[in-house]
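Okay, so here's the structure we're looking at.
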Amino acid sequence: MLTLSVYGSPELARAEVAVGPDGRISYLEAQDVMAAGLTIDELRTKLDEALGQYRRAPHSMITPIAFKSKKYFMLGKVTTKGVFTLDRPLTVVEALARAHGLENALVDSEPG
């Protein structure tokens, strides 16, 4: 997630611009700019080049606000199964806590 703006034009600011699953972003006239694998400075250069086709000497400002690309999966005998965002390093206990712990009825009660 990025916040994008053009220097001197606060009305053009866009908050929470997501990098798409294909690694691209779109902002104003700059559509489908590859962002994956680039540093902020490299992305700023590419974005300025793309916007430069439509605007005079743009100076884009890029601020990363969240990293949501890494995920982990909780399966098995946990209360809430599913996909969780790995927003920071986690221990196994913290991951279990996010999944609301283990299920209570772990023993099968099938008739003998």
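To be explicit about the labels: the chains of the structure tokens are called A, B, and onward in the order shown, and within each one the residues are counted from 1, while ligands get numbers from 1 in the order they are shown.
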Can you pull out every residue within 8 Å of Lys71 in chain A, counting only C-alpha atoms, but drop anything in the same chain fewer than 4 positions away, and send it as a ChimeraX atom specification? /A:83-86
Env of range 33-45 of chain A: 12 Å cut, atoms = only C-alpha atoms, seq-sep filter 6 positions within chain, self excluded. Answer as an MDAnalysis selection string. chainID A and resid 1:7 17:27 51:52 57:64 69
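Straight-line separation from CA of Ala99 in chain A to CA of Val78 in chain A: 6.3 Å.
Pairwise distance (CA of Lys46 in chain A, CA of Arg14 in chain A) equals 17.4 Å.
Across the model, the gap from CA of Thr79 in chain A to CA of Glu103 in chain A is 5.1 Å.
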Using DSSP on the backbone coordinates, identify the residues of chain A assigned to strand (DSSP E or B); present them as a VMD selection string. chain A and resid 2 to 6 9 to 17 24 to 27 30 to 34 60 to 64 71 to 74 78 82 to 85 102
Which is closest to Val92 in chain A among A:Phe73, A:Ile65, A:Leu28, A:Thr80, if we use only C-alpha atoms? A:Phe73
Just the helix (DSSP H, G or I) stuff from chain A, please, per backbone DSSP, written as JSON, numbers by chain. {"A": [40, 41, 42, 43, 44, 45, 46, 47, 48, 49, 50, 51, 92, 93, 94, 95, 96, 97, 98]}
